[in-house]
Structure formats: structure tokens, C-alpha cells
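Colleague: A single structure is presented below for examination.
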Amino acid sequence: MAEYKQVHSFDLQISQMKKIQYELASKVEIGGKIRTPSIIGGVDVSFMGEKAVGIVVCLAFPSLELIEYSYSSVEVSMPYIPGYLAFRELPAFLKAWEKIKNVPDVVMFDGHGVAHPRRLGIASHASFFIERPTIGIGKSLLYGITVEPAKEKFSQNPIYDNVYTKHPNDSIIGMSMCSKEKTKPIYISCGNLISLEEAIKLSQMSITKYRLPEPTRYAHLYSQKVKKEIS
DNA sequence: GCGACAG
DNA sequence: ATCTTGTCGC
């Protein structure tokens, strides 16, 4: 069973959530070389009424064959508020994470990493609980400035901080990338414990014939499937 | 005050 | 995210 650290509770007020985000963001470690993963994880959370269904899939890397997947169902604790997605989805994710036997070496999330107003999107946030490298894969931009890349596979452009004076040493917070010709781009950003170069490389190696990389794509597929089975 | 706003 | 079938375009 995969373990995780209970970094903080989820019974919080927005002001407390914001404070936690700033505190954890200051501890994010971008860069460093990680060993090529043998198992890559994918996470997605879907909803049905007041229930949140969390999914974790484990794929062999680089073959991308499905090894295992788990799911959980928890009561929704708060509404969706832009910038605070993690507080709504992490409880479901963590409950599914504990059921995983083949612990992933790196995990991809459906949402952003440091490409976030306070540098702590769900991918970065989750890393402090599972203590593993994470990557954020966004389907739309939440924060940052970027130029839409050409619609050719793997064409890409950097995502810069809206306020470049806020973090002058690292204004590039992610990469906009065309993952499939003639489709809208995906937004890759570091979650934690990984470099943007590595995050992009692993993302590209996880992309086959679809817009989303297999870990996230599979997780989403299963979340929809599981919802019907348990409804 | 106004507009933006992951999933 | 979710409500929802067929349909236009690559």
C-alpha cells in the first residue's frame, strides 16, 4: 500500500488555504536529475453529485502498459474555486493512492504544477503528501503568459509569469506544447522534485496518438468508467 | 472597480 | 467538472 504524509487537514478557510499554498510553494524544489521511472502514475478526479471519484493509474515506463489502477469515492468537501483546486480534489486522490501497490516513481496530474498564481497548483501540492516527483498537465491555462505554439506535434513555447518581477530568477513557469497535430495545446509545468526539461521529456515519451499523455488520459477514462459502475 | 479564472 | 446527440471538419 502506498503511504503518504498528512501535511495538513482539509477543513480550512480560504485564508488558511492561501497561507498553506505560500508556505509549501517556498519549499518546492525544481530541477535535479531523477532516474528514469519504471512506473509512471496518472491521476484524475471526477464528480457525481456530492461524490468525488479519485483515480490513480500505474503504467509501466516507457512501454506505457497498464499495471494497476485504484479508485476511491469521498464526499465533496468544497466547491471548485480557481486557484484552490487541490483542496477539492486531493482528498479523493489520496484515498485512492493508499490502495496502490506498485508505487509510481513519478506522477502526472490533471491540472497545473507551478504554473499557478501562488506557484502551487495541484501537482506541486500533491508532491508534499506523496513525497515523489510530480508533473502538472493542464488542458487550459490558469496563470501565465504564453504564445500559442504551432499546431505541429511537440511544437512548444514557454509560459512566463504574469508578473515577471515577482520571481525574477525563474520567470519561465511551464511550457505550452502541441501534443497532437491540429489540436489545442496542453500546458506542462513542474509539480515538484523535477526539472521542466525532464517533465517535458517524460510527457513527450508518454504521448502516443492522443492529445493527453497516457497516464492522465487513462486516469480520466477510468474515472468515467468507474462512475458508471458504482452509480 | 473590472476582468480572468486548472477541474 | 457536469448537463448531452448528432454532426462538421481534419
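Chain labels A, B, ... are given in the sequence in which chains occur in the C-alpha cells; within each chain residues are numbered consecutively from 1, and ligands are likewise numbered from 1 in the order shown.
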From region 66-217 of chain A, collect each residue whose DSSP state is alpha helix (DSSP H) and return the set as a ChimeraX atom specification.

Modeller: /A:85-97,122-130,196-205,214-217

Colleague: Could you write out as a PyMOL selection string the residues of chain C within 10 Å of chain A, counting only C-alpha atoms (C1' of nucleotides)?

Modeller: chain C and resi 1-2+10

Colleague: Which polymer residues have any atom within 12 Å of an atom of DG7 (chain B), counting only C-alpha atoms (C1' of nucleotides), with same-chain residues fewer than 5 positions away left out, as a PyMOL selection string?

Modeller: (chain A and resi 44-47+52+79-90+109-112+121-122+137-142+220) or (chain C and resi 1-2)

Colleague: Find, counting only C-alpha atoms, the residue in A:Gln6, A:Ser63, A:Ser189, A:Asn102 that gets nearest to Asp161 (chain A).

Modeller: A:Ser189

Colleague: Taking only C-alpha atoms (C1' of nucleotides) into account, find every residue of chain B that has an atom no more than 9 Å from chain A, and write it out as a ChimeraX atom specification.

Modeller: /B:4-7

Colleague: Given the choices A:Ser77, A:Ser70, A:Ser155, A:Ser26, which gets closest to Thr183 (chain A) if the distance is worked out from only C-alpha atoms?

Modeller: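 Of all the options, A:Ser155 lies closest to Thr183 (chain A).
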
Colleague: Quick one: pick out all strand (DSSP E or B) residues within chain A from a backbone DSSP run and write them as an MDAnalysis selection string.

Modeller: chainID A and resid 30 39:48 51:60 66:75 106:111 134:138 145:146 156:160 172:177 186:192 194
